>>> print(open('protein-v7.cif').read())   # mmCIF, C-alpha atoms
data_structure
#
loop_
_atom_site.group_PDB
_atom_site.id
_atom_site.type_symbol
_atom_site.label_atom_id
_atom_site.label_comp_id
_atom_site.auth_asym_id
_atom_site.auth_seq_id
_atom_site.Cartn_x
_atom_site.Cartn_y
_atom_site.Cartn_z
ATOM 1 C CA MET Z 1 126.885 42.074 316.136
ATOM 2 C CA GLU Z 2 128.773 40.708 319.129
ATOM 3 C CA LYS Z 3 130.758 37.480 318.512
ATOM 4 C CA LYS Z 4 129.930 34.561 320.733
ATOM 5 C CA ALA Z 5 132.922 33.139 322.647
ATOM 6 C CA PHE Z 6 133.662 29.431 323.027
ATOM 7 C CA THR Z 7 132.258 27.882 326.146
ATOM 8 C CA LEU Z 8 134.350 25.705 328.447
ATOM 9 C CA LEU Z 9 132.453 22.621 327.281
ATOM 10 C CA GLU Z 10 133.174 23.364 323.653
ATOM 11 C CA MET Z 11 136.859 23.856 324.407
ATOM 12 C CA LEU Z 12 136.979 20.535 326.228
ATOM 13 C CA ILE Z 13 135.278 18.792 323.312
ATOM 14 C CA VAL Z 14 137.834 20.253 320.890
ATOM 15 C CA ILE Z 15 140.721 19.187 323.134
ATOM 16 C CA VAL Z 16 139.346 15.641 323.467
ATOM 17 C CA ILE Z 17 138.841 15.344 319.697
ATOM 18 C CA PHE Z 18 142.373 16.648 319.099
ATOM 19 C CA TRP Z 19 143.788 14.197 321.672
ATOM 20 C CA ILE Z 20 141.963 11.237 320.093
ATOM 21 C CA PHE Z 21 143.085 12.279 316.623
ATOM 22 C CA SER Z 22 146.689 12.656 317.809
ATOM 23 C CA ALA Z 23 146.597 9.272 319.543
ATOM 24 C CA VAL Z 24 145.278 7.595 316.391
ATOM 25 C CA LEU Z 25 147.960 9.273 314.278
ATOM 26 C CA PHE Z 26 150.697 8.313 316.741
ATOM 27 C CA ARG Z 27 149.490 4.718 316.865
ATOM 28 C CA THR Z 28 149.289 4.560 313.079
ATOM 29 C CA TYR Z 29 152.797 6.007 312.781
ATOM 30 C CA ASN Z 30 154.163 3.376 315.182
ATOM 31 C CA ILE Z 31 152.476 0.557 313.267
ATOM 32 C CA ILE Z 32 153.798 1.838 309.944
ATOM 33 C CA SER Z 33 157.281 2.217 311.458
ATOM 34 C CA ASP Z 34 157.202 -1.356 312.807
ATOM 35 C CA ILE Z 35 156.042 -2.720 309.457
ATOM 36 C CA SER Z 36 158.719 -0.757 307.589
ATOM 37 C CA PHE Z 37 161.410 -1.921 310.000
ATOM 38 C CA ARG Z 38 160.330 -5.563 309.742
ATOM 39 C CA ILE Z 39 160.269 -5.366 305.935
ATOM 40 C CA GLU Z 40 163.775 -3.907 306.008
ATOM 41 C CA GLN Z 41 165.003 -6.754 308.222
ATOM 42 C CA GLN Z 42 163.426 -9.316 305.901
ATOM 43 C CA ARG Z 43 165.008 -7.591 302.906
ATOM 44 C CA LYS Z 44 168.467 -7.808 304.463
ATOM 45 C CA VAL Z 45 168.013 -11.495 305.242
ATOM 46 C CA ASN Z 46 166.702 -12.294 301.753
ATOM 47 C CA GLU Z 47 169.473 -10.360 300.038
ATOM 48 C CA GLU Z 48 172.152 -12.096 302.081
ATOM 49 C CA LEU Z 49 170.582 -15.496 301.438
ATOM 50 C CA LEU Z 50 170.496 -14.811 297.693
ATOM 51 C CA PHE Z 51 174.120 -13.684 297.753
ATOM 52 C CA LEU Z 52 175.184 -16.778 299.714
ATOM 53 C CA SER Z 53 173.198 -19.064 297.410
ATOM 54 C CA GLU Z 54 174.974 -17.655 294.372
ATOM 55 C CA ILE Z 55 178.368 -18.133 296.016
ATOM 56 C CA LEU Z 56 177.672 -21.732 297.031
ATOM 57 C CA GLN Z 57 176.233 -22.634 293.621
ATOM 58 C CA ASN Z 58 179.305 -21.161 291.914
ATOM 59 C CA PHE Z 59 181.519 -23.331 294.107
ATOM 60 C CA ALA Z 60 179.297 -26.333 293.360
ATOM 61 C CA ASN Z 61 179.566 -25.699 289.613
ATOM 62 C CA ARG Z 62 183.377 -25.696 289.697
ATOM 63 C CA ASN Z 63 184.028 -28.408 292.266
ATOM 64 C CA SER Z 64 182.939 -31.805 293.567
ATOM 65 C CA ILE Z 65 182.411 -33.274 297.005
ATOM 66 C CA ASP Z 66 185.799 -34.346 298.344
ATOM 67 C CA PHE Z 67 184.938 -37.733 299.837
ATOM 68 C CA ASP Z 68 188.627 -38.456 300.469
ATOM 69 C CA ALA Z 69 188.756 -35.568 302.935
ATOM 70 C CA TYR Z 70 186.343 -37.396 305.221
ATOM 71 C CA GLU Z 71 188.557 -39.767 307.168
ATOM 72 C CA ASN Z 72 187.453 -43.324 307.969
ATOM 73 C CA ALA Z 73 186.361 -42.467 311.501
ATOM 74 C CA TRP Z 74 184.341 -39.531 310.238
ATOM 75 C CA ILE Z 75 182.835 -41.633 307.448
ATOM 76 C CA SER Z 76 181.423 -43.984 310.075
ATOM 77 C CA GLU Z 77 179.964 -41.053 312.007
ATOM 78 C CA LEU Z 78 178.462 -39.595 308.838
ATOM 79 C CA LYS Z 79 176.803 -42.882 307.967
ATOM 80 C CA ASN Z 80 175.119 -42.943 311.356
ATOM 81 C CA SER Z 81 173.899 -39.368 310.886
ATOM 82 C CA LYS Z 82 172.511 -39.988 307.368
ATOM 83 C CA TRP Z 83 175.362 -37.897 305.944
ATOM 84 C CA PHE Z 84 174.576 -34.749 307.854
ATOM 85 C CA THR Z 85 177.770 -32.854 308.602
ATOM 86 C CA GLY Z 86 178.833 -29.481 309.900
ATOM 87 C CA VAL Z 87 181.710 -29.276 307.420
ATOM 88 C CA LEU Z 88 181.426 -29.523 303.628
ATOM 89 C CA TYR Z 89 184.614 -30.617 301.859
ATOM 90 C CA LEU Z 90 184.943 -29.700 298.182
ATOM 91 C CA SER Z 91 187.740 -29.991 295.628
ATOM 92 C CA GLY Z 92 188.207 -29.144 291.967
ATOM 93 C CA GLU Z 93 188.935 -25.940 290.091
ATOM 94 C CA ASP Z 94 189.315 -24.075 293.381
ATOM 95 C CA TRP Z 95 191.656 -26.811 294.657
ATOM 96 C CA LYS Z 96 190.783 -28.227 298.095
ATOM 97 C CA PHE Z 97 188.731 -26.320 300.635
ATOM 98 C CA HIS Z 98 185.961 -26.731 303.175
ATOM 99 C CA ILE Z 99 182.974 -24.654 304.268
ATOM 100 C CA PHE Z 100 181.769 -24.567 307.856
ATOM 101 C CA SER Z 101 179.857 -22.414 310.327
ATOM 102 C CA SER Z 102 180.859 -20.988 313.674
ATOM 103 C CA TRP Z 103 179.234 -23.030 316.431
ATOM 104 C CA GLU Z 104 179.413 -20.391 319.156
ATOM 105 C CA CYS Z 105 176.109 -18.842 318.094
ATOM 106 C CA VAL Z 106 173.283 -18.703 320.613
ATOM 107 C CA ASP Z 107 170.306 -21.001 320.183
ATOM 108 C CA PHE Z 108 167.607 -18.344 319.796
ATOM 109 C CA SER Z 109 164.847 -20.800 320.588
ATOM 110 C CA GLU Z 110 166.197 -20.934 324.137
ATOM 111 C CA LEU Z 111 167.685 -17.502 324.636
ATOM 112 C CA PRO Z 112 166.828 -14.694 322.193
ATOM 113 C CA ASN Z 113 169.677 -12.461 323.262
ATOM 114 C CA THR Z 114 171.959 -11.232 320.493
ATOM 115 C CA SER Z 115 174.347 -9.676 323.005
ATOM 116 C CA GLN Z 116 175.679 -13.159 323.706
ATOM 117 C CA LEU Z 117 176.402 -13.921 320.069
ATOM 118 C CA TRP Z 118 179.949 -14.629 319.081
ATOM 119 C CA SER Z 119 181.210 -12.024 316.630
ATOM 120 C CA GLY Z 120 181.373 -14.634 313.897
ATOM 121 C CA CYS Z 121 178.040 -16.442 313.707
ATOM 122 C CA ALA Z 122 178.613 -16.918 309.991
ATOM 123 C CA LEU Z 123 179.661 -19.322 307.260
ATOM 124 C CA TYR Z 124 183.354 -19.569 306.487
ATOM 125 C CA LEU Z 125 185.500 -20.975 303.691
ATOM 126 C CA GLN Z 126 189.026 -22.210 304.302
ATOM 127 C CA LYS Z 127 191.435 -23.542 301.682
ATOM 128 C CA ASP Z 128 193.755 -26.365 302.700
ATOM 129 C CA ASN Z 129 196.821 -24.299 301.812
ATOM 130 C CA GLU Z 130 195.755 -21.221 303.765
ATOM 131 C CA ALA Z 131 195.855 -20.669 307.514
ATOM 132 C CA ASN Z 132 192.952 -18.267 307.926
ATOM 133 C CA PRO Z 133 189.337 -18.797 306.807
ATOM 134 C CA VAL Z 134 187.379 -16.335 304.691
ATOM 135 C CA LYS Z 135 184.002 -15.135 305.928
ATOM 136 C CA LEU Z 136 181.286 -15.790 303.335
ATOM 137 C CA THR Z 137 178.397 -13.996 304.998
ATOM 138 C CA ASP Z 138 177.793 -10.394 305.995
ATOM 139 C CA SER Z 139 177.887 -9.262 309.625
ATOM 140 C CA SER Z 140 174.390 -7.762 309.403
ATOM 141 C CA VAL Z 141 172.849 -11.257 309.224
ATOM 142 C CA TYR Z 142 173.548 -14.185 311.544
ATOM 143 C CA PHE Z 143 173.834 -17.742 310.218
ATOM 144 C CA THR Z 144 173.677 -20.261 313.030
ATOM 145 C CA ARG Z 145 173.528 -24.055 313.404
ATOM 146 C CA ALA Z 146 174.391 -24.683 309.746
ATOM 147 C CA LYS Z 147 174.381 -28.296 308.559
ATOM 148 C CA PHE Z 148 175.136 -29.867 305.205
ATOM 149 C CA LYS Z 149 173.617 -33.085 303.902
ATOM 150 C CA ILE Z 150 175.705 -34.795 301.275
ATOM 151 C CA ILE Z 151 173.844 -36.477 298.396
ATOM 152 C CA PRO Z 152 174.301 -39.283 297.552
ATOM 153 C CA TYR Z 153 175.143 -40.383 301.065
ATOM 154 C CA SER Z 154 175.073 -44.194 300.848
ATOM 155 C CA ASP Z 155 177.777 -46.846 300.955
ATOM 156 C CA LYS Z 156 177.890 -46.953 297.168
ATOM 157 C CA TYR Z 157 181.076 -44.905 297.326
ATOM 158 C CA PHE Z 158 182.727 -47.545 299.479
ATOM 159 C CA THR Z 159 181.183 -50.820 298.333
ATOM 160 C CA GLU Z 160 179.769 -52.529 295.254
ATOM 161 C CA ASN Z 161 176.473 -53.289 296.978
ATOM 162 C CA THR Z 162 174.020 -52.122 294.313
ATOM 163 C CA SER Z 163 171.022 -53.425 296.249
ATOM 164 C CA LEU Z 164 171.035 -50.135 298.125
ATOM 165 C CA CYS Z 165 169.252 -48.621 295.134
ATOM 166 C CA ASP Z 166 166.216 -50.795 295.860
ATOM 167 C CA THR Z 167 165.689 -49.327 299.317
ATOM 168 C CA ASN Z 168 166.973 -45.778 298.960
ATOM 169 C CA TYR Z 169 166.474 -43.759 295.799
ATOM 170 C CA PHE Z 170 168.827 -41.003 296.894
ATOM 171 C CA ALA Z 171 171.607 -43.543 297.332
ATOM 172 C CA CYS Z 172 171.744 -43.989 293.573
ATOM 173 C CA VAL Z 173 171.094 -40.569 292.146
ATOM 174 C CA ASN Z 174 173.477 -39.864 289.303
ATOM 175 C CA ASP Z 175 174.172 -36.240 290.183
ATOM 176 C CA ASP Z 176 175.966 -35.373 293.387
ATOM 177 C CA GLY Z 177 174.912 -32.431 295.468
ATOM 178 C CA PHE Z 178 174.368 -31.165 298.966
ATOM 179 C CA ARG Z 179 171.653 -29.502 301.003
ATOM 180 C CA LEU Z 180 172.230 -26.582 303.305
ATOM 181 C CA PHE Z 181 170.163 -26.329 306.487
ATOM 182 C CA VAL Z 182 170.649 -23.127 308.488
ATOM 183 C CA ASP Z 183 168.850 -20.706 310.805
ATOM 184 C CA VAL Z 184 169.096 -17.090 309.675
ATOM 185 C CA TYR Z 185 168.522 -14.019 311.850
ATOM 186 C CA PRO Z 186 169.035 -10.298 311.220
ATOM 187 C CA LYS Z 187 171.425 -8.550 313.564
ATOM 188 C CA MET Z 188 168.547 -6.639 315.185
ATOM 189 C CA TYR Z 189 166.611 -9.824 316.009
ATOM 190 C CA LYS Z 190 164.542 -9.780 319.190
ATOM 191 C CA GLY Z 191 162.051 -12.541 319.810
ATOM 192 C CA ASP Z 192 159.699 -10.581 322.066
ATOM 193 C CA ASN Z 193 159.169 -7.762 319.558
ATOM 194 C CA TRP Z 194 157.116 -8.333 316.408
ATOM 195 C CA ALA Z 195 159.064 -5.807 314.320
ATOM 196 C CA ASN Z 196 162.368 -7.501 315.212
ATOM 197 C CA ASP Z 197 161.116 -11.072 315.251
ATOM 198 C CA VAL Z 198 162.427 -12.037 311.800
ATOM 199 C CA HIS Z 199 163.742 -15.591 311.617
ATOM 200 C CA LEU Z 200 164.109 -17.988 308.696
ATOM 201 C CA LEU Z 201 164.754 -21.722 308.721
ATOM 202 C CA VAL Z 202 166.453 -22.302 305.374
ATOM 203 C CA GLN Z 203 166.765 -25.508 303.398
ATOM 204 C CA GLN Z 204 168.336 -25.306 299.949
ATOM 205 C CA PHE Z 205 169.721 -27.860 297.493
ATOM 206 C CA PHE Z 206 172.870 -27.279 295.423
ATOM 207 C CA ASN Z 207 173.577 -29.512 292.452
ATOM 208 C CA ILE Z 208 177.174 -30.456 291.649
#
>>> encode(input="protein-v7.cif", output="structure tokens")
Amino acid sequence: MEKKAFTLLEMLIVIVIFWIFSAVLFRTYNIISDISFRIEQQRKVNEELLFLSEILQNFANRNSIDFDAYENAWISELKNSKWFTGVLYLSGEDWKFHIFSSWECVDFSELPNTSQLWSGCALYLQKDNEANPVKLTDSSVYFTRAKFKIIPYSDKYFTENTSLCDTNYFACVNDDGFRLFVDVYPKMYKGDNWANDVHLLVQQFFNI
């Protein structure tokens, strides 16, 4: 019995089906790759945040806020800013040191271009008896626009005015502490690409 050959129409149908199937597979692969990449970026950010949190809490456990390090002029400025500061002074078992962030980082809300980032873009620790600071954060994650809020932040450290407790609960909390506010971006951040658009606004409290 003679075998029947494929017609041109049948060949075209097979090619179209194969093309559609390939396109669906390619699209699915791209979606899975984007999801995997985004998850990896989020994992890096979360791991670095956890590592930094452990470091800061260890410092908080061994030290206290060094109010004497804030000079009179700075104290006045801090009062006006509700005790928000870019530099956290601590002293205690680790002697005297301060923690700060590099301010050269790009504001991503205005210009999502990591090529203009300063190589630092991190949190640093510097002891009073040492000339060079120590980088606390990894280069794979950017920490920008970090701020600390000192608690308690009222005049109770500089005056006997106890009436402050009536108007501001946090002015009279018994335990000192500080809050960290910081924007965190992975190194591969790109605002116009969903897979790279990983950005966290972090607020965390550390008890002293």
>>> closest_residue(input="protein-v7.cif", among="Z:Asn207, Z:Ser81, Z:Ser22, Z:Gln41", to="Tyr142 (chain Z)", atoms="only C-alpha atoms")
Z:Gln41
>>> atom_distance(input="protein-v7.cif", atom1="CA of Ser140 (chain Z)", atom2="CA of Leu125 (chain Z)")
18.2 Å
>>> resolve_selection(input="protein-v7.cif", expression="the PyMOL selection byres ((chain Z and resi 98) around 12)", output="ChimeraX atom specification")
/Z:56,59-60,63-67,69-70,85-92,94-97,99-101,123-130,132-134,136,148
>>> residues_around(input="protein-v7.cif", residues="Leu180 (chain Z)", least_positions_apart="5", cutoff="6 Å", atoms="all atoms listed in the file", output="list in words")
Lys147, Phe148, Gln203 and Gln204 of chain Z
>>> residues_around(input="protein-v7.cif", residues="Val45 (chain Z)", least_positions_apart="4", cutoff="9 Å", atoms="all atoms listed in the file", output="list in words")
Glu40, Gln41, Leu49, Leu50, Ser140, Val141, Tyr142, Val184, Tyr185, Pro186, Val198, His199 and Leu200 of chain Z
>>> atom_distance(input="protein-v7.cif", atom1="CA of Leu78 (chain Z)", atom2="CA of Thr144 (chain Z)")
20.4 Å
>>> atom_distance(input="protein-v7.cif", atom1="CA of Ile17 (chain Z)", atom2="CA of Ile31 (chain Z)")
21.1 Å
>>> resolve_selection(input="protein-v7.cif", expression="the PyMOL selection byres ((chain Z and resi 145) around 8)", output="PDB file with C-alpha atoms, in the frame of the given file")
ATOM      1  CA  SER Z 101     179.857 -22.414 310.327  1.00  0.00           C
ATOM      2  CA  SER Z 102     180.859 -20.988 313.674  1.00  0.00           C
ATOM      3  CA  TRP Z 103     179.234 -23.030 316.431  1.00  0.00           C
ATOM      4  CA  CYS Z 105     176.109 -18.842 318.094  1.00  0.00           C
ATOM      5  CA  PHE Z 143     173.834 -17.742 310.218  1.00  0.00           C
ATOM      6  CA  THR Z 144     173.677 -20.261 313.030  1.00  0.00           C
ATOM      7  CA  ALA Z 146     174.391 -24.683 309.746  1.00  0.00           C
ATOM      8  CA  LYS Z 147     174.381 -28.296 308.559  1.00  0.00           C
ATOM      9  CA  VAL Z 182     170.649 -23.127 308.488  1.00  0.00           C
ATOM     10  CA  ASP Z 183     168.850 -20.706 310.805  1.00  0.00           C
TER      11      ASP Z 183
END
>>> residues_around(input="protein-v7.cif", residues="Ile35 (chain Z)", least_positions_apart="5", cutoff="10 Å", atoms="all atoms listed in the file", output="tab-separated table (two decimals) with C-alpha atoms, in the coordinates of the input")
chain	number	residue	atom	x	y	z
Z	29	TYR	CA	152.80	6.01	312.78
Z	30	ASN	CA	154.16	3.38	315.18
Z	40	GLU	CA	163.78	-3.91	306.01
Z	41	GLN	CA	165.00	-6.75	308.22
Z	194	TRP	CA	157.12	-8.33	316.41
Z	195	ALA	CA	159.06	-5.81	314.32
Z	196	ASN	CA	162.37	-7.50	315.21
>>> closest_residue(input="protein-v7.cif", among="Z:Lys44, Z:Lys149, Z:Lys135, Z:Arg62", to="Lys187 (chain Z)", atoms="all atoms listed in the file")
Z:Lys44
>>> closest_residue(input="protein-v7.cif", among="Z:Cys121, Z:Ile75, Z:Asn46, Z:Gly177", to="Leu201 (chain Z)", atoms="only C-alpha atoms")
Z:Asn46
